[in-house]
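As stored in input_21.pdb (PDB, C-alpha atoms):
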```
MODEL        1
ATOM      1  CA  MET A  92       0.000   0.000   0.000
ATOM      2  CA  ALA A  93       1.457   3.314  -1.043
ATOM      3  CA  SER A  94       2.015   5.925   1.663
ATOM      4  CA  PRO A  95       0.821   9.521   1.081
ATOM      5  CA  SER A  96       3.401  11.900  -0.213
ATOM      6  CA  PRO A  97       4.991  14.428   2.165
ATOM      7  CA  SER A  98       3.632  17.397   0.169
ATOM      8  CA  LYS A  99       0.066  16.195   0.468
ATOM      9  CA  THR A 100       0.518  15.505   4.162
ATOM     10  CA  SER A 101       1.902  18.960   4.854
ATOM     11  CA  GLY A 102      -0.913  20.584   2.824
ATOM     12  CA  ARG A 103      -3.504  18.724   4.801
ATOM     13  CA  SER A 104      -1.937  19.675   8.140
ATOM     14  CA  ALA A 105      -1.778  23.365   7.103
ATOM     15  CA  SER A 106      -5.427  23.400   6.078
ATOM     16  CA  ALA A 107      -6.402  21.657   9.308
ATOM     17  CA  ALA A 108      -4.481  24.209  11.346
ATOM     18  CA  ALA A 109      -6.165  27.058   9.452
ATOM     19  CA  THR A 110      -9.551  25.470  10.107
ATOM     20  CA  GLU A 111      -8.816  25.084  13.820
ATOM     21  CA  LEU A 112      -7.311  28.560  14.411
ATOM     22  CA  GLY A 113      -9.509  30.530  12.000
ATOM     23  CA  ILE A 114      -8.512  32.958   9.337
ATOM     24  CA  ILE A 115      -7.028  36.321  10.420
ATOM     25  CA  VAL A 116      -8.677  39.124   8.463
ATOM     26  CA  PRO A 117      -6.726  42.390   8.388
ATOM     27  CA  TYR A 118      -8.439  45.574   9.735
ATOM     28  CA  PRO A 119      -9.656  47.658   6.801
ATOM     29  CA  GLU A 120      -7.419  50.558   5.994
ATOM     30  CA  GLU A 121     -10.472  52.779   5.341
ATOM     31  CA  ALA A 122     -11.665  52.223   8.916
ATOM     32  CA  ILE A 123      -8.206  53.038  10.233
ATOM     33  CA  ALA A 124      -8.244  56.285   8.271
ATOM     34  CA  ARG A 125     -11.681  57.246   9.638
ATOM     35  CA  ARG A 126     -10.725  56.497  13.237
ATOM     36  CA  SER A 127     -10.016  59.625  15.353
ATOM     37  CA  PHE A 128      -8.852  60.118  18.904
ATOM     38  CA  GLU A 129      -9.751  62.960  21.286
ATOM     39  CA  PRO A 130      -6.828  65.285  21.895
ATOM     40  CA  VAL A 131      -5.173  65.035  25.271
ATOM     41  CA  ALA A 132      -6.283  67.944  27.481
ATOM     42  CA  ILE A 133      -3.550  70.342  28.481
ATOM     43  CA  PRO A 134      -3.266  70.696  32.273
ATOM     44  CA  VAL A 135      -4.954  73.904  33.489
ATOM     45  CA  HIS A 136      -3.612  75.929  36.380
ATOM     46  CA  PRO A 137      -5.932  75.872  39.441
ATOM     47  CA  LEU A 138      -6.212  79.675  39.438
ATOM     48  CA  VAL A 139      -7.289  79.646  35.798
ATOM     49  CA  ARG A 140      -9.814  76.917  36.538
ATOM     50  CA  HIS A 141     -11.197  78.901  39.471
ATOM     51  CA  ALA A 142     -11.380  82.073  37.373
ATOM     52  CA  ARG A 143     -13.325  80.204  34.702
ATOM     53  CA  SER A 144     -15.728  78.871  37.311
ATOM     54  CA  VAL A 145     -16.318  82.340  38.749
ATOM     55  CA  ALA A 146     -16.817  83.781  35.286
ATOM     56  CA  ALA A 147     -19.291  81.037  34.411
ATOM     57  CA  SER A 148     -21.396  81.942  37.447
ATOM     58  CA  ILE A 149     -21.134  85.740  37.128
ATOM     59  CA  VAL A 150     -21.247  86.387  33.385
ATOM     60  CA  PRO A 151     -24.842  85.102  32.858
ATOM     61  CA  THR A 152     -26.053  87.336  35.701
ATOM     62  CA  MET A 153     -24.231  90.361  34.291
ATOM     63  CA  VAL A 154     -25.630  89.723  30.816
ATOM     64  CA  MET A 155     -29.160  89.434  32.198
ATOM     65  CA  LEU A 156     -28.678  92.591  34.287
ATOM     66  CA  ALA A 157     -27.464  94.518  31.232
ATOM     67  CA  ALA A 158     -30.440  93.265  29.233
ATOM     68  CA  LEU A 159     -32.874  94.337  31.974
ATOM     69  CA  LEU A 160     -31.307  97.797  32.202
ATOM     70  CA  ALA A 161     -31.476  98.188  28.430
ATOM     71  CA  PHE A 162     -35.130  97.093  28.401
ATOM     72  CA  TRP A 163     -35.896  99.476  31.288
ATOM     73  CA  GLN A 164     -34.197 102.347  29.469
ATOM     74  CA  LEU A 165     -36.095 101.510  26.302
ATOM     75  CA  LEU A 166     -39.451 101.590  28.083
ATOM     76  CA  CYS A 167     -38.866 104.679  30.248
ATOM     77  CA  GLY A 168     -36.395 106.680  28.184
ATOM     78  CA  SER A 169     -38.979 108.967  26.580
ATOM     79  CA  PRO A 170     -39.415 112.477  28.078
ATOM     80  CA  ASP A 171     -43.107 111.895  28.864
ATOM     81  CA  ALA A 172     -42.504 108.645  30.797
ATOM     82  CA  THR A 173     -43.970 108.628  34.312
ATOM     83  CA  PHE A 174     -41.316 106.253  35.683
ATOM     84  CA  PRO A 175     -37.628 107.279  35.708
ATOM     85  CA  SER A 176     -35.187 105.488  33.453
ATOM     86  CA  PRO A 177     -31.756 104.210  34.619
ATOM     87  CA  VAL A 178     -30.104 107.280  33.084
ATOM     88  CA  LYS A 179     -32.491 109.575  34.930
ATOM     89  CA  VAL A 180     -31.886 107.694  38.194
ATOM     90  CA  TRP A 181     -28.155 108.251  37.767
ATOM     91  CA  GLN A 182     -28.604 111.926  36.937
ATOM     92  CA  GLU A 183     -31.030 112.825  39.734
ATOM     93  CA  SER A 184     -29.605 110.559  42.479
ATOM     94  CA  HIS A 185     -25.942 110.930  41.605
ATOM     95  CA  GLU A 186     -24.984 112.172  45.063
ATOM     96  CA  VAL A 187     -26.872 109.360  46.809
ATOM     97  CA  ILE A 188     -25.140 106.745  44.645
ATOM     98  CA  ILE A 189     -21.623 108.182  44.758
ATOM     99  CA  HIS A 190     -21.553 109.233  48.443
ATOM    100  CA  PRO A 191     -23.514 106.563  50.352
ATOM    101  CA  PHE A 192     -21.402 106.940  53.531
ATOM    102  CA  LYS A 193     -21.887 110.664  53.932
ATOM    103  CA  GLY A 194     -22.200 111.547  57.603
ATOM    104  CA  VAL A 195     -21.051 108.071  58.738
ATOM    105  CA  GLU A 196     -17.899 107.272  60.706
ATOM    106  CA  ILE A 197     -16.984 103.582  60.785
ATOM    107  CA  GLY A 198     -14.514 102.205  63.331
ATOM    108  CA  LEU A 199     -13.185  98.736  63.974
ATOM    109  CA  THR A 200     -15.924  97.767  66.425
ATOM    110  CA  HIS A 201     -18.608 100.436  65.991
ATOM    111  CA  PHE A 202     -19.979 103.085  63.720
ATOM    112  CA  SER A 203     -21.459 106.500  64.396
ATOM    113  CA  ILE A 204     -23.963 108.516  62.373
ATOM    114  CA  GLN A 205     -24.055 112.278  62.305
ATOM    115  CA  ASP A 206     -27.008 113.705  64.231
ATOM    116  CA  GLY A 207     -29.234 116.311  62.680
ATOM    117  CA  GLY A 208     -27.458 116.327  59.328
ATOM    118  CA  ASP A 209     -27.708 114.905  55.850
ATOM    119  CA  VAL A 210     -26.846 111.195  56.113
ATOM    120  CA  GLY A 211     -26.095 108.938  53.172
ATOM    121  CA  ILE A 212     -28.129 105.853  52.475
ATOM    122  CA  ALA A 213     -25.413 103.579  53.897
ATOM    123  CA  GLY A 214     -25.947 105.177  57.306
ATOM    124  CA  HIS A 215     -29.630 104.278  57.209
ATOM    125  CA  VAL A 216     -28.781 100.746  56.068
ATOM    126  CA  LEU A 217     -26.301 100.305  58.928
ATOM    127  CA  THR A 218     -28.919 101.497  61.409
ATOM    128  CA  SER A 219     -31.404  98.962  60.089
ATOM    129  CA  LEU A 220     -28.775  96.211  60.137
ATOM    130  CA  SER A 221     -27.953  96.910  63.780
ATOM    131  CA  ARG A 222     -31.606  96.428  64.699
ATOM    132  CA  VAL A 223     -31.856  93.287  62.592
ATOM    133  CA  LEU A 224     -28.724  91.843  64.198
ATOM    134  CA  ILE A 225     -30.153  92.198  67.715
ATOM    135  CA  GLY A 226     -33.660  90.966  66.958
ATOM    136  CA  TYR A 227     -32.559  88.151  64.672
ATOM    137  CA  SER A 228     -29.918  86.881  67.102
ATOM    138  CA  ILE A 229     -32.498  86.633  69.872
ATOM    139  CA  ALA A 230     -34.934  84.894  67.523
ATOM    140  CA  ALA A 231     -32.257  82.422  66.392
ATOM    141  CA  VAL A 232     -31.267  81.392  69.922
ATOM    142  CA  ILE A 233     -34.810  81.107  71.304
ATOM    143  CA  GLY A 234     -36.147  79.616  68.070
ATOM    144  CA  VAL A 235     -33.571  76.834  67.942
ATOM    145  CA  ALA A 236     -34.167  76.019  71.617
ATOM    146  CA  LEU A 237     -37.951  75.867  71.204
ATOM    147  CA  GLY A 238     -37.599  73.879  67.987
ATOM    148  CA  ILE A 239     -35.475  71.276  69.731
ATOM    149  CA  LEU A 240     -37.976  71.158  72.605
ATOM    150  CA  ILE A 241     -41.058  70.500  70.499
ATOM    151  CA  GLY A 242     -39.085  68.197  68.227
ATOM    152  CA  GLN A 243     -37.943  66.009  71.107
ATOM    153  CA  SER A 244     -41.069  66.073  73.294
ATOM    154  CA  VAL A 245     -44.383  64.816  71.973
ATOM    155  CA  PHE A 246     -46.236  66.605  74.785
ATOM    156  CA  ALA A 247     -44.530  69.926  74.010
ATOM    157  CA  PHE A 248     -45.297  69.486  70.317
ATOM    158  CA  ARG A 249     -48.993  68.858  70.950
ATOM    159  CA  ALA A 250     -49.186  71.785  73.365
ATOM    160  CA  LEU A 251     -47.197  74.428  71.447
ATOM    161  CA  ASP A 252     -47.420  73.589  67.758
ATOM    162  CA  PRO A 253     -51.063  74.731  67.299
ATOM    163  CA  LEU A 254     -50.229  78.011  69.049
ATOM    164  CA  PHE A 255     -47.180  78.551  66.840
ATOM    165  CA  GLN A 256     -49.172  77.773  63.708
ATOM    166  CA  VAL A 257     -51.709  80.450  64.638
ATOM    167  CA  LEU A 258     -49.188  83.128  65.619
ATOM    168  CA  ARG A 259     -46.961  82.684  62.579
ATOM    169  CA  THR A 260     -49.816  83.700  60.263
ATOM    170  CA  VAL A 261     -50.107  87.147  61.872
ATOM    171  CA  PRO A 262     -48.589  89.786  59.531
ATOM    172  CA  PRO A 263     -45.500  91.530  60.921
ATOM    173  CA  LEU A 264     -47.014  95.010  60.951
ATOM    174  CA  ALA A 265     -49.964  93.756  62.978
ATOM    175  CA  TRP A 266     -47.548  93.326  65.891
ATOM    176  CA  LEU A 267     -46.401  96.948  65.703
ATOM    177  CA  PRO A 268     -49.187  98.520  67.836
ATOM    178  CA  ILE A 269     -48.669  95.827  70.474
ATOM    179  CA  SER A 270     -44.901  96.373  70.547
ATOM    180  CA  LEU A 271     -45.358 100.147  70.815
ATOM    181  CA  ALA A 272     -47.846  99.681  73.637
ATOM    182  CA  ILE A 273     -45.402  97.422  75.493
ATOM    183  CA  PHE A 274     -42.110  99.265  74.993
ATOM    184  CA  GLN A 275     -43.279 102.856  74.362
ATOM    185  CA  GLN A 276     -40.172 103.479  72.219
ATOM    186  CA  ALA A 277     -39.354 103.000  68.554
ATOM    187  CA  GLN A 278     -36.028 101.167  68.914
ATOM    188  CA  PRO A 279     -37.114  98.260  71.171
ATOM    189  CA  SER A 280     -40.423  98.066  69.297
ATOM    190  CA  ALA A 281     -38.585  97.514  66.014
ATOM    191  CA  ILE A 282     -36.344  94.872  67.594
ATOM    192  CA  PHE A 283     -39.387  93.064  69.002
ATOM    193  CA  LEU A 284     -41.036  93.180  65.578
ATOM    194  CA  ILE A 285     -37.966  91.547  64.021
ATOM    195  CA  PHE A 286     -37.894  88.912  66.749
ATOM    196  CA  ILE A 287     -41.567  87.975  66.460
ATOM    197  CA  THR A 288     -41.303  87.807  62.661
ATOM    198  CA  ALA A 289     -38.141  85.713  62.386
ATOM    199  CA  ILE A 290     -38.721  83.192  65.156
ATOM    200  CA  TRP A 291     -41.470  81.078  63.562
ATOM    201  CA  PRO A 292     -39.566  79.593  60.596
ATOM    202  CA  VAL A 293     -36.626  78.875  62.906
ATOM    203  CA  ILE A 294     -38.839  76.992  65.382
ATOM    204  CA  LEU A 295     -40.764  74.974  62.820
ATOM    205  CA  ASN A 296     -37.809  73.985  60.645
ATOM    206  CA  THR A 297     -35.659  73.040  63.631
ATOM    207  CA  ALA A 298     -38.487  70.912  65.043
ATOM    208  CA  ALA A 299     -38.916  69.212  61.672
ATOM    209  CA  GLY A 300     -35.207  68.420  61.578
ATOM    210  CA  VAL A 301     -35.260  66.894  65.062
ATOM    211  CA  GLN A 302     -38.345  64.819  64.275
ATOM    212  CA  THR A 303     -36.765  63.393  61.115
ATOM    213  CA  ILE A 304     -33.590  62.107  62.801
ATOM    214  CA  PRO A 305     -33.299  58.451  61.700
ATOM    215  CA  ALA A 306     -34.116  55.869  64.358
ATOM    216  CA  ALA A 307     -30.750  54.211  63.726
ATOM    217  CA  TYR A 308     -29.004  57.355  64.987
ATOM    218  CA  ARG A 309     -31.031  57.315  68.184
ATOM    219  CA  ASN A 310     -30.284  53.621  68.695
ATOM    220  CA  VAL A 311     -26.555  54.240  68.267
ATOM    221  CA  ALA A 312     -26.750  56.964  70.912
ATOM    222  CA  LYS A 313     -28.435  54.538  73.316
ATOM    223  CA  VAL A 314     -25.858  51.831  72.644
ATOM    224  CA  LEU A 315     -22.984  54.251  73.228
ATOM    225  CA  ALA A 316     -24.740  55.648  76.336
ATOM    226  CA  LEU A 317     -24.223  59.239  75.209
ATOM    227  CA  ASN A 318     -25.087  61.953  77.683
ATOM    228  CA  PRO A 319     -27.426  64.791  76.535
ATOM    229  CA  PHE A 320     -24.563  67.092  75.557
ATOM    230  CA  GLU A 321     -22.825  64.385  73.530
ATOM    231  CA  TYR A 322     -26.114  63.429  71.897
ATOM    232  CA  PHE A 323     -26.731  67.039  70.922
ATOM    233  CA  THR A 324     -23.247  67.649  69.487
ATOM    234  CA  ARG A 325     -22.680  64.261  67.821
ATOM    235  CA  ILE A 326     -26.147  63.172  66.729
ATOM    236  CA  MET A 327     -28.758  65.903  66.823
ATOM    237  CA  LEU A 328     -26.787  68.909  65.585
ATOM    238  CA  PRO A 329     -25.254  67.258  62.482
ATOM    239  CA  ALA A 330     -28.601  65.687  61.567
ATOM    240  CA  THR A 331     -30.651  68.870  61.965
ATOM    241  CA  VAL A 332     -28.259  71.470  60.536
ATOM    242  CA  PRO A 333     -29.845  71.477  57.038
ATOM    243  CA  HIS A 334     -33.362  71.984  58.420
ATOM    244  CA  MET A 335     -32.169  74.434  61.054
ATOM    245  CA  PHE A 336     -30.357  76.695  58.604
ATOM    246  CA  THR A 337     -33.244  76.558  56.173
ATOM    247  CA  GLY A 338     -35.313  78.170  58.911
ATOM    248  CA  LEU A 339     -32.530  80.616  59.730
ATOM    249  CA  ARG A 340     -32.264  81.688  56.084
ATOM    250  CA  ILE A 341     -35.998  82.249  55.863
ATOM    251  CA  GLY A 342     -35.895  84.087  59.181
ATOM    252  CA  VAL A 343     -33.149  86.512  58.161
ATOM    253  CA  GLY A 344     -35.041  87.376  54.987
ATOM    254  CA  MET A 345     -38.238  87.987  56.927
ATOM    255  CA  SER A 346     -36.299  90.078  59.461
ATOM    256  CA  TRP A 347     -35.044  92.357  56.716
ATOM    257  CA  LEU A 348     -38.558  92.699  55.304
ATOM    258  CA  ALA A 349     -40.004  93.446  58.740
ATOM    259  CA  ILE A 350     -37.510  96.150  59.671
ATOM    260  CA  VAL A 351     -38.047  98.032  56.422
ATOM    261  CA  ALA A 352     -41.818  97.964  56.901
ATOM    262  CA  ALA A 353     -41.547  98.967  60.571
ATOM    263  CA  GLU A 354     -39.247 101.916  59.827
ATOM    264  CA  MET A 355     -41.575 103.155  57.111
ATOM    265  CA  VAL A 356     -44.383 103.329  59.683
ATOM    266  CA  GLN A 357     -42.390 104.527  62.698
ATOM    267  CA  GLY A 358     -40.096 107.020  61.020
ATOM    268  CA  GLY A 359     -36.880 108.273  62.570
ATOM    269  CA  THR A 360     -33.901 106.537  61.005
ATOM    270  CA  GLY A 361     -33.287 103.454  58.922
ATOM    271  CA  VAL A 362     -33.636 102.451  55.302
ATOM    272  CA  GLY A 363     -37.422 102.187  55.626
ATOM    273  CA  PHE A 364     -37.575 105.785  56.834
ATOM    274  CA  PHE A 365     -35.289 106.807  53.944
ATOM    275  CA  ILE A 366     -37.713 105.273  51.425
ATOM    276  CA  TRP A 367     -40.775 106.885  52.972
ATOM    277  CA  ASP A 368     -39.070 110.269  53.292
ATOM    278  CA  SER A 369     -37.931 110.103  49.646
ATOM    279  CA  TYR A 370     -41.466 109.294  48.554
ATOM    280  CA  ASN A 371     -42.921 112.196  50.534
ATOM    281  CA  SER A 372     -40.296 114.486  49.016
ATOM    282  CA  SER A 373     -41.187 113.276  45.477
ATOM    283  CA  LEU A 374     -37.675 111.854  45.053
ATOM    284  CA  LEU A 375     -38.638 108.643  43.281
ATOM    285  CA  THR A 376     -35.114 108.074  41.994
ATOM    286  CA  ASP A 377     -33.775 108.008  45.571
ATOM    287  CA  THR A 378     -36.433 105.429  46.390
ATOM    288  CA  ILE A 379     -35.230 103.239  43.516
ATOM    289  CA  VAL A 380     -31.644 103.497  44.755
ATOM    290  CA  ALA A 381     -32.807 102.473  48.231
ATOM    291  CA  LEU A 382     -34.657  99.473  46.797
ATOM    292  CA  ILE A 383     -31.467  98.325  45.079
ATOM    293  CA  TRP A 384     -29.579  98.668  48.362
ATOM    294  CA  ILE A 385     -32.269  96.656  50.174
ATOM    295  CA  GLY A 386     -32.067  93.856  47.622
ATOM    296  CA  MET A 387     -28.269  93.709  47.725
ATOM    297  CA  VAL A 388     -28.139  93.699  51.534
ATOM    298  CA  GLY A 389     -30.858  91.044  51.737
ATOM    299  CA  PHE A 390     -28.967  88.858  49.276
ATOM    300  CA  THR A 391     -25.755  89.305  51.273
ATOM    301  CA  LEU A 392     -27.454  88.338  54.536
ATOM    302  CA  ASP A 393     -28.844  85.195  52.933
ATOM    303  CA  ARG A 394     -25.413  84.238  51.579
ATOM    304  CA  ILE A 395     -23.806  84.776  54.982
ATOM    305  CA  VAL A 396     -26.298  82.521  56.763
ATOM    306  CA  SER A 397     -26.010  79.911  54.004
ATOM    307  CA  PHE A 398     -22.194  79.953  54.266
ATOM    308  CA  ALA A 399     -22.370  79.552  58.043
ATOM    309  CA  GLY A 400     -24.696  76.580  57.570
ATOM    310  CA  ARG A 401     -22.229  74.877  55.223
ATOM    311  CA  ILE A 402     -19.322  75.446  57.619
ATOM    312  CA  ILE A 403     -21.230  74.066  60.615
ATOM    313  CA  GLY A 404     -22.546  71.155  58.560
ATOM    314  CA  ARG A 405     -19.042  70.144  57.502
ATOM    315  CA  ALA A 406     -17.723  70.525  61.036
ATOM    316  CA  GLY A 407     -20.528  68.292  62.321
TER     317      GLY A 407
ENDMDL
END
```

Structure rendered as structure tokens:
Amino acid sequence: MASPSPSKTSGRSASAAATELGIIVPYPEEAIARRSFEPVAIPVHPLVRHARSVAASIVPTMVMLAALLAFWQLLCGSPDATFPSPVKVWQESHEVIIHPFKGVEIGLTHFSIQDGGDVGIAGHVLTSLSRVLIGYSIAAVIGVALGILIGQSVFAFRALDPLFQVLRTVPPLAWLPISLAIFQQAQPSAIFLIFITAIWPVILNTAAGVQTIPAAYRNVAKVLALNPFEYFTRIMLPATVPHMFTGLRIGVGMSWLAIVAAEMVQGGTGVGFFIWDSYNSSLLTDTIVALIWIGMVGFTLDRIVSFAGRIIGRAG
């Protein structure tokens, strides 16, 4: 019997190997030509990155502000317009805008306002802020304490929550005659008005934060046998900071609203008095400048309280 030739044997083994391993098909050159890679990003300096972030948050606001001013000028720029345009506000209230601290001396720990003279709008704003600081601080301390009380105690919640819900619906100016009857003076009456206006959101939001503390946190406190102070600093405070500072932010905004309204009614000094006096003197442009100051100060107060809430939240 004749044996197969070596060439046939090698051909068969090669074809068998190709069948077992498969055929390698080269990648099409057209696909290689169409393939593209993203360029490698060049490292950016942290200061440049921060500047871009700040610009991204500020530029849209500035563009919108410029558009609003242009629209305002377009609507009120005609000579027969009843409402002043931005150009007219600048022309008629130039001194108020350029010299806001006229008659005000600011030191490191205090400020003084000239008596019986022409005072810039910043002096009235500082007077209002001093009243807000006193009334709001009292409301924050007492409000947080009462919020923790009714949040922790079911009996206190059932006893006080209906009363708080009724009192918080009373408009701020409705408290003004009562405060004047109690204190007989404008300054403590304004501080009381700020206190009674700002305390309700602080109480209710703090109580809501305490009531929503997870049961697992309370169980951990029992297992670790934490005393009341340790429970407050390690469990309650970190868990309730978001709710607490939500109430504090609402309260500071309501305080600023209340003091402006109270000063408009009481007179004397303050940014509310400045607005009412400008209106009575037919200085509508000064009133507009005061409104811008009120908005800017209110925004700053909200940012300060929000920043404090983030710091305390991280520390907790």

Using only C-alpha atoms for the distances, tell me which of A:Val223, A:Ala289, A:Leu240, A:Val145 is nearest to A:Glu354.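 Nearest to A:Glu354: A:Val223.
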
Non-local contacts of A:Thr331 (7 Å; all atoms listed in the file; under 3 positions in same chain excluded) as an NGL selection string: :A and (297 or 300-301 or 327-328 or 334-335)

Extract, using only C-alpha atoms, all DNA, RNA and protein residues at most 7 Å from A:Pro191, discarding same-chain residues fewer than 4 positions from it, and format them as a PyMOL selection string. chain A and resi 187+211-213

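Rounded to one decimal, atom CA of A:Ile350 and atom CA of A:Glu186 lie 25.0 Å from each other.
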
Given 5 Å of margin on each side, can you work out the centre and size in Å (one decimal) of an axis-aligned box holding every listed atom of stretch 288-299 of chain A, as AutoDock Vina command-line options?
```
--center_x -38.6 --center_y 78.5 --center_z 63.0 --size_x 15.8 --size_y 28.6 --size_z 14.8
```

Test item: the PyMOL selection byres ((chain A and resi 368-371) around 12) resolved as number ranges by chain: A: 184, 187, 212, 215, 354-367, 372-382

Could those selected residues go to a file with C-alpha atoms, as a short mmCIF file (atom, residue, chain, number, x, y, z; two decimals), in the coordinates of the input?
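Output contents, as saved in out-v7.cif:
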```cif
data_model
loop_
_atom_site.label_atom_id
_atom_site.label_comp_id
_atom_site.auth_asym_id
_atom_site.auth_seq_id
_atom_site.Cartn_x
_atom_site.Cartn_y
_atom_site.Cartn_z
CA SER A 184 -29.60 110.56 42.48
CA VAL A 187 -26.87 109.36 46.81
CA ILE A 212 -28.13 105.85 52.48
CA HIS A 215 -29.63 104.28 57.21
CA GLU A 354 -39.25 101.92 59.83
CA MET A 355 -41.58 103.16 57.11
CA VAL A 356 -44.38 103.33 59.68
CA GLN A 357 -42.39 104.53 62.70
CA GLY A 358 -40.10 107.02 61.02
CA GLY A 359 -36.88 108.27 62.57
CA THR A 360 -33.90 106.54 61.00
CA GLY A 361 -33.29 103.45 58.92
CA VAL A 362 -33.64 102.45 55.30
CA GLY A 363 -37.42 102.19 55.63
CA PHE A 364 -37.58 105.78 56.83
CA PHE A 365 -35.29 106.81 53.94
CA ILE A 366 -37.71 105.27 51.42
CA TRP A 367 -40.78 106.88 52.97
CA SER A 372 -40.30 114.49 49.02
CA SER A 373 -41.19 113.28 45.48
CA LEU A 374 -37.67 111.85 45.05
CA LEU A 375 -38.64 108.64 43.28
CA THR A 376 -35.11 108.07 41.99
CA ASP A 377 -33.78 108.01 45.57
CA THR A 378 -36.43 105.43 46.39
CA ILE A 379 -35.23 103.24 43.52
CA VAL A 380 -31.64 103.50 44.76
CA ALA A 381 -32.81 102.47 48.23
CA LEU A 382 -34.66 99.47 46.80
#
```

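For the atom pair formed by atom CA of A:Arg401 and atom CA of A:Ile239, the distance is 20.0 Å, given to one decimal.
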
Pick out the closest residue to A:Ala349 from this set: A:Pro333, A:Gly389, A:Pro319, A:Pro177. Count only C-alpha atoms.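 Result for the nearest residue to A:Ala349: A:Gly389.
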
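Atom CA of A:Ile233 to atom CA of A:Gln256 spans 16.6 Å [interatomic distance, one decimal].
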
Please determine, counting all atoms listed in the file, which residue among A:Leu254, A:Ile133, A:Val150, A:Ile225 has the shortest atom-to-atom distance to A:Ala281.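 Using all atoms listed in the file, the shortest distance to A:Ala281 belongs to A:Ile225.
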